[in-house]
$ cat protein.cif   # mmCIF, C-alpha atoms and all ligand atoms
data_protein
#
loop_
_atom_site.group_PDB
_atom_site.id
_atom_site.type_symbol
_atom_site.label_atom_id
_atom_site.label_comp_id
_atom_site.auth_asym_id
_atom_site.auth_seq_id
_atom_site.Cartn_x
_atom_site.Cartn_y
_atom_site.Cartn_z
ATOM 1 C CA MET A 1 0.000 0.000 0.000
ATOM 2 C CA LEU A 2 1.603 3.281 -1.076
ATOM 3 C CA HIS A 3 0.519 6.769 -0.236
ATOM 4 C CA ASP A 4 2.977 9.350 -1.449
ATOM 5 C CA GLU A 5 6.114 8.619 0.542
ATOM 6 C CA HIS A 6 4.365 6.206 2.881
ATOM 7 C CA ARG A 7 4.387 2.491 2.279
ATOM 8 C CA PHE A 8 2.456 -0.024 4.270
ATOM 9 C CA LEU A 9 2.659 -3.731 3.951
ATOM 10 C CA ILE A 10 -0.523 -5.416 5.084
ATOM 11 C CA ASP A 11 0.182 -8.877 6.424
ATOM 12 C CA CYS A 12 3.275 -10.767 5.538
ATOM 13 C CA GLY A 13 2.703 -14.259 4.218
ATOM 14 C CA GLU A 14 5.428 -16.788 3.628
ATOM 15 C CA GLY A 15 7.847 -15.693 0.918
ATOM 16 C CA THR A 16 6.824 -12.049 0.994
ATOM 17 C CA GLN A 17 10.469 -10.970 1.077
ATOM 18 C CA LEU A 18 11.207 -12.959 -2.094
ATOM 19 C CA GLN A 19 8.250 -11.414 -3.838
ATOM 20 C CA ILE A 20 9.367 -7.951 -2.869
ATOM 21 C CA LEU A 21 12.823 -8.746 -4.237
ATOM 22 C CA GLN A 22 11.401 -10.146 -7.431
ATOM 23 C CA SER A 23 8.942 -7.331 -7.946
ATOM 24 C CA GLY A 24 11.665 -4.728 -7.901
ATOM 25 C CA ILE A 25 9.737 -2.391 -5.636
ATOM 26 C CA GLY A 26 12.491 -2.760 -3.072
ATOM 27 C CA PHE A 27 12.546 -2.422 0.662
ATOM 28 C CA LYS A 28 13.059 1.301 0.781
ATOM 29 C CA CYS A 29 10.805 2.935 3.323
ATOM 30 C CA LEU A 30 9.051 -0.376 3.859
ATOM 31 C CA ASN A 31 9.119 0.175 7.535
ATOM 32 C CA ARG A 32 5.493 -0.122 8.529
ATOM 33 C CA ILE A 33 3.617 -3.381 8.569
ATOM 34 C CA LEU A 34 -0.025 -3.742 9.486
ATOM 35 C CA ILE A 35 -1.100 -7.187 10.642
ATOM 36 C CA THR A 36 -4.752 -8.197 10.414
ATOM 37 C CA HIS A 37 -4.392 -11.203 12.719
ATOM 38 C CA GLY A 38 -1.909 -13.718 14.019
ATOM 39 C CA HIS A 39 -2.477 -16.756 11.793
ATOM 40 C CA LEU A 40 0.777 -18.043 10.365
ATOM 41 C CA ASP A 41 -0.135 -17.397 6.745
ATOM 42 C CA HIS A 42 -0.269 -13.701 7.633
ATOM 43 C CA ILE A 43 2.893 -13.396 9.708
ATOM 44 C CA LEU A 44 5.419 -16.050 8.630
ATOM 45 C CA GLY A 45 6.928 -13.748 6.018
ATOM 46 C CA LEU A 46 8.166 -11.467 8.774
ATOM 47 C CA ALA A 47 10.788 -14.098 9.575
ATOM 48 C CA GLY A 48 12.111 -13.983 6.012
ATOM 49 C CA LEU A 49 11.934 -10.230 5.918
ATOM 50 C CA LEU A 50 13.936 -9.951 9.115
ATOM 51 C CA SER A 51 16.530 -12.416 7.882
ATOM 52 C CA ILE A 52 16.998 -10.300 4.743
ATOM 53 C CA PHE A 53 17.502 -7.239 6.876
ATOM 54 C CA MET A 54 19.999 -9.195 8.995
ATOM 55 C CA ARG A 55 22.057 -9.976 5.930
ATOM 56 C CA TRP A 56 22.165 -6.946 3.758
ATOM 57 C CA GLU A 57 19.366 -4.503 3.723
ATOM 58 C CA THR A 58 19.386 -1.640 6.123
ATOM 59 C CA ILE A 59 16.462 0.252 7.443
ATOM 60 C CA GLU A 60 16.272 2.223 10.612
ATOM 61 C CA GLY A 61 13.412 0.482 12.262
ATOM 62 C CA LEU A 62 10.432 -1.698 11.634
ATOM 63 C CA GLU A 63 7.070 -0.692 12.996
ATOM 64 C CA ILE A 64 4.642 -3.548 13.360
ATOM 65 C CA TYR A 65 0.996 -2.801 14.083
ATOM 66 C CA GLY A 66 -1.380 -5.540 15.162
ATOM 67 C CA GLY A 67 -3.686 -6.895 17.835
ATOM 68 C CA SER A 68 -1.978 -8.154 20.951
ATOM 69 C CA TRP A 69 -2.410 -11.838 20.093
ATOM 70 C CA ALA A 70 -0.819 -11.321 16.683
ATOM 71 C CA LEU A 71 2.034 -9.307 18.177
ATOM 72 C CA GLU A 72 2.709 -12.017 20.745
ATOM 73 C CA ARG A 73 3.062 -14.618 18.022
ATOM 74 C CA ILE A 74 5.224 -12.303 15.925
ATOM 75 C CA HIS A 75 7.392 -11.640 18.949
ATOM 76 C CA ASP A 76 7.881 -15.381 19.461
ATOM 77 C CA LEU A 77 8.642 -15.884 15.787
ATOM 78 C CA LEU A 78 11.179 -13.100 15.504
ATOM 79 C CA PHE A 79 12.910 -13.301 18.867
ATOM 80 C CA GLY A 80 12.461 -17.016 19.543
ATOM 81 C CA VAL A 81 13.091 -18.432 16.074
ATOM 82 C CA VAL A 82 14.897 -15.920 13.871
ATOM 83 C CA LEU A 83 17.063 -13.932 16.273
ATOM 84 C CA ARG A 84 17.503 -16.368 19.189
ATOM 85 C CA GLY A 85 19.547 -13.969 21.250
ATOM 86 C CA ALA A 86 21.176 -12.171 18.310
ATOM 87 C CA ARG A 87 20.690 -8.466 18.106
ATOM 88 C CA ALA A 88 17.973 -7.281 15.749
ATOM 89 C CA PRO A 89 19.493 -5.469 12.759
ATOM 90 C CA MET A 90 17.146 -2.577 13.312
ATOM 91 C CA GLU A 91 14.856 -1.393 16.003
ATOM 92 C CA LEU A 92 11.710 -3.507 16.117
ATOM 93 C CA ARG A 93 8.763 -1.640 17.463
ATOM 94 C CA PHE A 94 5.473 -3.326 18.251
ATOM 95 C CA HIS A 95 2.335 -1.228 18.274
ATOM 96 C CA PRO A 96 -0.629 -3.001 19.847
ATOM 97 C CA ILE A 97 -3.756 -1.686 18.200
ATOM 98 C CA GLN A 98 -7.346 -1.303 19.174
ATOM 99 C CA GLU A 99 -10.342 -0.053 17.325
ATOM 100 C CA GLY A 100 -9.819 3.536 16.193
ATOM 101 C CA VAL A 101 -7.149 5.629 14.500
ATOM 102 C CA ILE A 102 -3.774 3.866 14.514
ATOM 103 C CA PHE A 103 -1.765 6.095 12.187
ATOM 104 C CA GLU A 104 -2.097 9.672 11.141
ATOM 105 C CA ALA A 105 -0.173 11.674 8.578
ATOM 106 C CA GLU A 106 -0.758 15.149 7.268
ATOM 107 C CA ASP A 107 -3.206 14.138 4.576
ATOM 108 C CA PHE A 108 -4.450 10.689 5.447
ATOM 109 C CA CYS A 109 -5.094 8.388 8.358
ATOM 110 C CA ILE A 110 -5.562 4.704 9.033
ATOM 111 C CA SER A 111 -8.110 3.272 11.431
ATOM 112 C CA ALA A 112 -8.474 -0.249 12.677
ATOM 113 C CA PHE A 113 -11.826 -1.939 13.163
ATOM 114 C CA PRO A 114 -12.651 -5.363 14.638
ATOM 115 C CA VAL A 115 -13.244 -8.292 12.297
ATOM 116 C CA TYR A 116 -14.758 -11.602 13.294
ATOM 117 C CA HIS A 117 -12.461 -14.558 12.500
ATOM 118 C CA ARG A 118 -10.910 -17.442 14.420
ATOM 119 C CA GLY A 119 -8.867 -16.209 17.333
ATOM 120 C CA PRO A 120 -8.952 -12.903 19.183
ATOM 121 C CA ASP A 121 -7.868 -9.445 18.082
ATOM 122 C CA CYS A 122 -8.571 -9.609 14.364
ATOM 123 C CA PHE A 123 -8.693 -6.275 12.609
ATOM 124 C CA GLY A 124 -9.404 -4.663 9.287
ATOM 125 C CA PHE A 125 -8.002 -1.333 8.160
ATOM 126 C CA LEU A 126 -9.585 1.777 6.741
ATOM 127 C CA PHE A 127 -7.281 4.103 4.780
ATOM 128 C CA GLU A 128 -8.785 7.525 4.578
ATOM 129 C CA GLU A 129 -7.446 10.471 2.703
ATOM 130 C CA LYS A 130 -8.453 13.735 4.285
ATOM 131 C CA SER A 131 -11.003 15.734 2.400
ATOM 132 C CA ARG A 132 -9.680 18.651 0.422
ATOM 133 C CA ARG A 133 -10.786 21.423 -1.850
ATOM 134 C CA PRO A 134 -9.763 20.908 -5.464
ATOM 135 C CA PHE A 135 -7.857 23.598 -7.321
ATOM 136 C CA LEU A 136 -9.864 24.931 -10.255
ATOM 137 C CA PRO A 137 -7.399 25.884 -12.994
ATOM 138 C CA GLU A 138 -10.111 27.542 -15.083
ATOM 139 C CA LYS A 139 -10.765 30.009 -12.269
ATOM 140 C CA ALA A 140 -7.061 30.624 -11.825
ATOM 141 C CA ASP A 141 -6.743 31.217 -15.577
ATOM 142 C CA ALA A 142 -9.706 33.593 -15.549
ATOM 143 C CA LEU A 143 -7.983 35.581 -12.801
ATOM 144 C CA ALA A 144 -4.742 35.472 -14.812
ATOM 145 C CA ILE A 145 -2.787 33.949 -11.950
ATOM 146 C CA PRO A 146 0.629 33.065 -13.314
ATOM 147 C CA GLN A 147 2.009 29.532 -13.080
ATOM 148 C CA GLY A 148 4.391 29.045 -10.221
ATOM 149 C CA PRO A 149 4.487 29.379 -6.444
ATOM 150 C CA TRP A 150 1.296 31.480 -6.271
ATOM 151 C CA ARG A 151 -0.843 28.580 -7.427
ATOM 152 C CA ARG A 152 0.911 26.178 -5.105
ATOM 153 C CA ASP A 153 0.331 28.432 -2.104
ATOM 154 C CA LEU A 154 -3.310 28.869 -3.024
ATOM 155 C CA VAL A 155 -3.711 25.087 -3.211
ATOM 156 C CA ASN A 156 -2.262 24.987 0.304
ATOM 157 C CA GLY A 157 -4.880 27.420 1.509
ATOM 158 C CA GLN A 158 -2.765 30.550 1.634
ATOM 159 C CA THR A 159 -3.704 34.002 0.386
ATOM 160 C CA VAL A 160 -1.113 35.255 -2.103
ATOM 161 C CA GLU A 161 -0.041 38.543 -3.526
ATOM 162 C CA LEU A 162 0.608 38.473 -7.245
ATOM 163 C CA PRO A 163 3.484 40.334 -8.931
ATOM 164 C CA ASP A 164 0.933 42.893 -10.161
ATOM 165 C CA GLY A 165 -0.118 43.613 -6.593
ATOM 166 C CA ARG A 166 -3.508 41.871 -6.541
ATOM 167 C CA ARG A 167 -4.337 39.735 -3.514
ATOM 168 C CA ILE A 168 -6.019 36.422 -4.226
ATOM 169 C CA THR A 169 -7.636 34.270 -1.563
ATOM 170 C CA PRO A 170 -7.935 30.466 -1.772
ATOM 171 C CA ASP A 171 -11.727 30.783 -1.935
ATOM 172 C CA GLN A 172 -11.357 32.398 -5.355
ATOM 173 C CA VAL A 173 -9.709 29.346 -6.924
ATOM 174 C CA LEU A 174 -10.705 26.332 -4.813
ATOM 175 C CA GLY A 175 -13.859 24.322 -5.337
ATOM 176 C CA PRO A 176 -16.126 22.918 -2.646
ATOM 177 C CA GLU A 177 -14.629 20.391 -0.263
ATOM 178 C CA ARG A 178 -14.407 16.886 -1.679
ATOM 179 C CA PRO A 179 -14.090 13.823 0.507
ATOM 180 C CA GLY A 180 -10.791 11.992 0.149
ATOM 181 C CA THR A 181 -10.341 8.513 -1.226
ATOM 182 C CA ARG A 182 -11.205 5.692 1.163
ATOM 183 C CA LEU A 183 -10.036 2.133 0.986
ATOM 184 C CA VAL A 184 -10.881 -0.758 3.272
ATOM 185 C CA HIS A 185 -8.705 -3.819 3.683
ATOM 186 C CA VAL A 186 -10.203 -6.854 5.407
ATOM 187 C CA GLY A 187 -8.024 -9.905 5.993
ATOM 188 C CA ASP A 188 -9.652 -13.163 6.977
ATOM 189 C CA ALA A 189 -13.244 -12.774 8.079
ATOM 190 C CA GLY A 190 -16.024 -15.107 9.060
ATOM 191 C CA ARG A 191 -18.922 -12.679 8.854
ATOM 192 C CA VAL A 192 -19.760 -9.608 6.860
ATOM 193 C CA GLU A 193 -22.697 -8.077 8.729
ATOM 194 C CA GLU A 194 -20.648 -5.880 11.026
ATOM 195 C CA LEU A 195 -18.403 -4.764 8.150
ATOM 196 C CA ARG A 196 -21.224 -3.015 6.321
ATOM 197 C CA ARG A 197 -20.869 0.229 8.190
ATOM 198 C CA VAL A 198 -17.126 0.732 7.704
ATOM 199 C CA CYS A 199 -17.367 -0.300 4.041
ATOM 200 C CA GLN A 200 -20.249 2.036 3.284
ATOM 201 C CA GLY A 201 -19.469 3.919 0.092
ATOM 202 C CA VAL A 202 -15.709 3.360 0.147
ATOM 203 C CA ASP A 203 -13.818 3.667 -3.129
ATOM 204 C CA ALA A 204 -12.310 0.215 -2.872
ATOM 205 C CA LEU A 205 -12.660 -2.869 -0.722
ATOM 206 C CA VAL A 206 -9.907 -5.458 -0.564
ATOM 207 C CA ILE A 207 -11.232 -8.588 1.108
ATOM 208 C CA GLU A 208 -10.685 -12.313 1.315
ATOM 209 C CA ALA A 209 -12.706 -14.831 -0.680
ATOM 210 C CA THR A 210 -11.378 -18.195 0.410
ATOM 211 C CA TYR A 211 -14.361 -20.365 -0.517
ATOM 212 C CA LEU A 212 -17.079 -20.732 -3.091
ATOM 213 C CA ASP A 213 -20.736 -20.820 -2.244
ATOM 214 C CA GLY A 214 -20.865 -24.606 -2.713
ATOM 215 C CA GLU A 215 -18.648 -24.972 0.350
ATOM 216 C CA SER A 216 -20.235 -22.312 2.487
ATOM 217 C CA ASP A 217 -20.491 -24.759 5.382
ATOM 218 C CA MET A 218 -16.701 -25.081 5.368
ATOM 219 C CA ALA A 219 -16.347 -21.331 5.066
ATOM 220 C CA GLN A 220 -18.491 -20.971 8.129
ATOM 221 C CA GLU A 221 -16.617 -23.635 10.045
ATOM 222 C CA PHE A 222 -13.265 -21.964 9.450
ATOM 223 C CA ALA A 223 -14.613 -18.433 9.707
ATOM 224 C CA HIS A 224 -13.826 -17.493 6.134
ATOM 225 C CA LEU A 225 -15.868 -15.855 3.424
ATOM 226 C CA THR A 226 -17.197 -17.156 0.165
ATOM 227 C CA ALA A 227 -16.769 -15.077 -2.959
ATOM 228 C CA ARG A 228 -20.522 -14.544 -2.912
ATOM 229 C CA GLN A 229 -20.514 -13.180 0.639
ATOM 230 C CA ALA A 230 -17.688 -10.781 -0.174
ATOM 231 C CA ALA A 231 -19.517 -9.599 -3.282
ATOM 232 C CA GLU A 232 -22.796 -9.179 -1.402
ATOM 233 C CA LEU A 233 -21.062 -7.046 1.177
ATOM 234 C CA ALA A 234 -19.570 -4.893 -1.592
ATOM 235 C CA LEU A 235 -22.945 -4.536 -3.251
ATOM 236 C CA LYS A 236 -24.889 -3.676 -0.106
ATOM 237 C CA ALA A 237 -22.251 -1.249 1.137
ATOM 238 C CA GLY A 238 -22.125 0.405 -2.287
ATOM 239 C CA VAL A 239 -18.344 0.168 -2.610
ATOM 240 C CA GLY A 240 -16.717 1.464 -5.762
ATOM 241 C CA HIS A 241 -14.396 -1.458 -6.479
ATOM 242 C CA LEU A 242 -14.040 -4.944 -5.092
ATOM 243 C CA ILE A 243 -10.676 -6.679 -5.022
ATOM 244 C CA LEU A 244 -10.626 -10.278 -3.820
ATOM 245 C CA THR A 245 -7.617 -11.894 -2.179
ATOM 246 C CA HIS A 246 -6.704 -15.001 -0.181
ATOM 247 C CA LEU A 247 -8.158 -17.393 -2.771
ATOM 248 C CA SER A 248 -7.858 -21.065 -2.028
ATOM 249 C CA ARG A 249 -5.703 -22.910 -4.500
ATOM 250 C CA ARG A 250 -8.353 -25.585 -4.689
ATOM 251 C CA TYR A 251 -10.421 -23.334 -6.901
ATOM 252 C CA ARG A 252 -9.896 -21.877 -10.324
ATOM 253 C CA GLU A 253 -9.683 -18.132 -10.306
ATOM 254 C CA ARG A 254 -12.322 -17.815 -12.979
ATOM 255 C CA ASP A 255 -14.851 -19.726 -10.879
ATOM 256 C CA VAL A 256 -14.230 -17.385 -7.974
ATOM 257 C CA LEU A 257 -14.598 -14.407 -10.290
ATOM 258 C CA ALA A 258 -17.752 -15.781 -11.866
ATOM 259 C CA GLU A 259 -19.389 -16.239 -8.478
ATOM 260 C CA ALA A 260 -18.382 -12.767 -7.287
ATOM 261 C CA ARG A 261 -19.350 -11.094 -10.546
ATOM 262 C CA SER A 262 -22.807 -12.655 -10.522
ATOM 263 C CA VAL A 263 -23.412 -10.340 -7.571
ATOM 264 C CA PHE A 264 -20.896 -7.517 -8.078
ATOM 265 C CA PRO A 265 -20.086 -7.296 -11.794
ATOM 266 C CA GLY A 266 -16.802 -5.381 -11.500
ATOM 267 C CA ALA A 267 -15.120 -7.703 -8.981
ATOM 268 C CA ILE A 268 -11.481 -8.509 -9.634
ATOM 269 C CA VAL A 269 -8.901 -10.821 -8.109
ATOM 270 C CA ALA A 270 -5.585 -9.440 -6.931
ATOM 271 C CA ARG A 271 -2.601 -11.522 -7.950
ATOM 272 C CA ASP A 272 0.842 -11.167 -6.486
ATOM 273 C CA PHE A 273 2.628 -8.113 -7.872
ATOM 274 C CA ASP A 274 -0.572 -6.474 -9.016
ATOM 275 C CA HIS A 275 -0.399 -2.795 -8.470
ATOM 276 C CA PHE A 276 -3.588 -0.771 -8.330
ATOM 277 C CA GLN A 277 -4.135 2.876 -7.938
ATOM 278 C CA VAL A 278 -7.265 3.937 -6.139
ATOM 279 C CA ARG A 279 -8.450 7.446 -6.687
ATOM 280 C CA ARG A 280 -11.760 8.999 -5.920
ATOM 281 C CA GLY A 281 -14.186 7.002 -8.008
ATOM 282 C CA GLU A 282 -11.694 5.059 -10.078
ATOM 283 C CA LEU A 283 -9.392 2.121 -9.858
ATOM 284 C CA VAL A 284 -6.455 1.949 -12.200
ATOM 285 C CA LYS A 285 -4.382 -1.150 -12.676
ATOM 286 C CA VAL A 286 -0.796 -0.041 -13.125
ATOM 287 C CA GLU A 287 0.874 -2.301 -15.651
ATOM 288 C CA ASP A 288 4.441 -2.019 -14.515
ATOM 289 C CA ARG A 289 5.251 -5.108 -12.575
ATOM 290 C CA PRO A 290 4.708 -8.317 -14.400
ATOM 291 C CA GLY A 291 5.473 -11.300 -12.271
ATOM 292 C CA PRO A 292 4.475 -14.863 -11.546
ATOM 293 C CA VAL A 293 1.318 -15.725 -9.706
ATOM 294 C CA SER A 294 1.185 -17.839 -6.615
ATOM 295 C CA ALA A 295 -1.660 -18.794 -4.380
ATOM 296 C CA SER A 296 -1.844 -18.052 -0.685
ATOM 297 C CA PRO A 297 -0.350 -20.769 1.485
ATOM 298 C CA PRO A 298 -2.702 -22.714 3.714
ATOM 299 C CA GLU A 299 -3.548 -21.235 7.023
ATOM 300 C CA ALA A 300 -2.244 -22.343 10.397
HETATM 301 ZN ZN ZN B 1 -6.799 -16.482 9.470
HETATM 302 ZN ZN ZN B 2 -5.389 -16.427 6.185
#

$ encode --input "protein.cif" --output "structure tokens" --more "lines below"
Ligand SMILES: [Zn+2]
Ligand SMILES: [Zn+2]
Amino acid sequence: MLHDEHRFLIDCGEGTQLQILQSGIGFKCLNRILITHGHLDHILGLAGLLSIFMRWETIEGLEIYGGSWALERIHDLLFGVVLRGARAPMELRFHPIQEGVIFEAEDFCISAFPVYHRGPDCFGFLFEEKSRRPFLPEKADALAIPQGPWRRDLVNGQTVELPDGRRITPDQVLGPERPGTRLVHVGDAGRVEELRRVCQGVDALVIEATYLDGESDMAQEFAHLTARQAAELALKAGVGHLILTHLSRRYRERDVLAEARSVFPGAIVARDFDHFQVRRGELVKVEDRPGPVSASPPEA
């Protein structure tokens, strides 16, 4: 997940470090990891990531956000298995999270919300760009505001004085406030009812679809979703785009897609290395990182 200079990795399945290497996006600034829950298929990759950092990559610190059960398991994995008394190559900081805002930057924030799944402390994440007033170039042109720092300052809400002496206020060139882009990421989930509210009207929903409707009893037993359930949630919550993840390798992708699309026609499946850009009202697939596809490992 990228937002300007911020990068967030959500969950870290086995082999994540190899995929990052292969994808060419690199480890730069990859210092914040959000964990949805403590099942091994969502945390094992942290061991590989740490071992890479122990060998040759350097970053200043790694911030890991998760529920306390997940953090306990990650702590055991990193300190008990990978490091075993060795010094961590960077500062490892654990941030136990609860429902509410867990990260805030100047123009966006991330909140955690509870998700029902097996085990305690499972969370989903809402990425929210702060609302802003768009710059209207036609108004700026009509006022003959020259290109350059004046326009930038106006965008930032400052009144400017032009070289010809006129004073222009932001209100003269900014449109009405527009809500920022919102994206929800749900890891494993056994129910969708309580997710409706947080998903309401978001631009994009990334969510698991481990089972097909034909095995909904298994989905229920293991507290996972079927593609149909995920699509119904997206439909009822009126989300802009639906991106399915965590597919079982027992199914063919097109069957999962067919089931989801029978409810939510635009549903897509995220493959490894896929890179999407979510903007207000649109989802753009960025075709810059071709790479192999692999299914999620089984859960433990
Ligand atoms: Zn799980
Ligand atoms: Zn899982």

$ resolve_selection --input "protein.cif" --expression "the PyMOL selection byres (((not hetatm)) within 12 of (chain B and resi 1))" --output "PyMOL selection string"
chain A and resi 11+13+35-43+70+115-123+186-190+208-210+219+222-225+246+296-300

$ write_last_selection --input "protein.cif" --atoms "C-alpha atoms" --output "CSV table (one decimal), in the coordinates of the input"
chain,number,residue,atom,x,y,z
A,11,ASP,CA,0.2,-8.9,6.4
A,13,GLY,CA,2.7,-14.3,4.2
A,35,ILE,CA,-1.1,-7.2,10.6
A,36,THR,CA,-4.8,-8.2,10.4
A,37,HIS,CA,-4.4,-11.2,12.7
A,38,GLY,CA,-1.9,-13.7,14.0
A,39,HIS,CA,-2.5,-16.8,11.8
A,40,LEU,CA,0.8,-18.0,10.4
A,41,ASP,CA,-0.1,-17.4,6.7
A,42,HIS,CA,-0.3,-13.7,7.6
A,43,ILE,CA,2.9,-13.4,9.7
A,70,ALA,CA,-0.8,-11.3,16.7
A,115,VAL,CA,-13.2,-8.3,12.3
A,116,TYR,CA,-14.8,-11.6,13.3
A,117,HIS,CA,-12.5,-14.6,12.5
A,118,ARG,CA,-10.9,-17.4,14.4
A,119,GLY,CA,-8.9,-16.2,17.3
A,120,PRO,CA,-9.0,-12.9,19.2
A,121,ASP,CA,-7.9,-9.4,18.1
A,122,CYS,CA,-8.6,-9.6,14.4
A,123,PHE,CA,-8.7,-6.3,12.6
A,186,VAL,CA,-10.2,-6.9,5.4
A,187,GLY,CA,-8.0,-9.9,6.0
A,188,ASP,CA,-9.7,-13.2,7.0
A,189,ALA,CA,-13.2,-12.8,8.1
A,190,GLY,CA,-16.0,-15.1,9.1
A,208,GLU,CA,-10.7,-12.3,1.3
A,209,ALA,CA,-12.7,-14.8,-0.7
A,210,THR,CA,-11.4,-18.2,0.4
A,219,ALA,CA,-16.3,-21.3,5.1
A,222,PHE,CA,-13.3,-22.0,9.4
A,223,ALA,CA,-14.6,-18.4,9.7
A,224,HIS,CA,-13.8,-17.5,6.1
A,225,LEU,CA,-15.9,-15.9,3.4
A,246,HIS,CA,-6.7,-15.0,-0.2
A,296,SER,CA,-1.8,-18.1,-0.7
A,297,PRO,CA,-0.4,-20.8,1.5
A,298,PRO,CA,-2.7,-22.7,3.7
A,299,GLU,CA,-3.5,-21.2,7.0
A,300,ALA,CA,-2.2,-22.3,10.4

$ atom_distance --input "protein.cif" --atom1 "CA of Val184 (chain A)" --atom2 "CA of Phe127 (chain A)"
6.2 Å

$ resolve_selection --input "protein.cif" --expression "the PyMOL selection byres (((chain A and resi 227-244) around 8) and not hetatm)" --output "VMD selection string"
chain A and resid 192 to 193 195 to 197 199 to 213 225 to 226 245 to 247 256 to 257 259 to 261 263 to 264 266 to 270 281 to 283

$ residues_around --input "protein.cif" --residues "region 135-144 of chain A" --least-positions-apart "2" --cutoff "9 Å" --atoms "only C-alpha atoms" --output "list in words"
Arg133, Pro146, Arg151, Leu154, Val155, Ile168, Pro170, Gln172, Val173, Leu174 and Gly175 of chain A

$ closest_residue --input "protein.cif" --among "A:Ser131, A:Gln158, A:Gln19, A:Ser262" --to "Phe108 (chain A)" --atoms "all atoms listed in the file"
A:Ser131

$ resolve_selection --input "protein.cif" --expression "the PyMOL selection byres (((chain A and resi 46) around 12) and not hetatm)" --output "ChimeraX atom specification"
/A:9-18,31-35,38,40-45,47-53,62-64,70-71,73-79,81-83,92

$ atom_distance --input "protein.cif" --atom1 "CA of Arg132 (chain A)" --atom2 "CA of Pro114 (chain A)"
28.1 Å

$ atom_distance --input "protein.cif" --atom1 "CA of Glu128 (chain A)" --atom2 "CA of Asn156 (chain A)"
19.1 Å

$ closest_residue --input "protein.cif" --among "A:Met90, A:Gly148, A:Glu104, A:Pro134" --to "Pro179 (chain A)" --atoms "all atoms listed in the file"
A:Pro134

$ closest_residue --input "protein.cif" --among "A:Leu183, A:Ile102, A:Tyr65, A:Arg166" --to "Leu126 (chain A)" --atoms "all atoms listed in the file"
A:Leu183
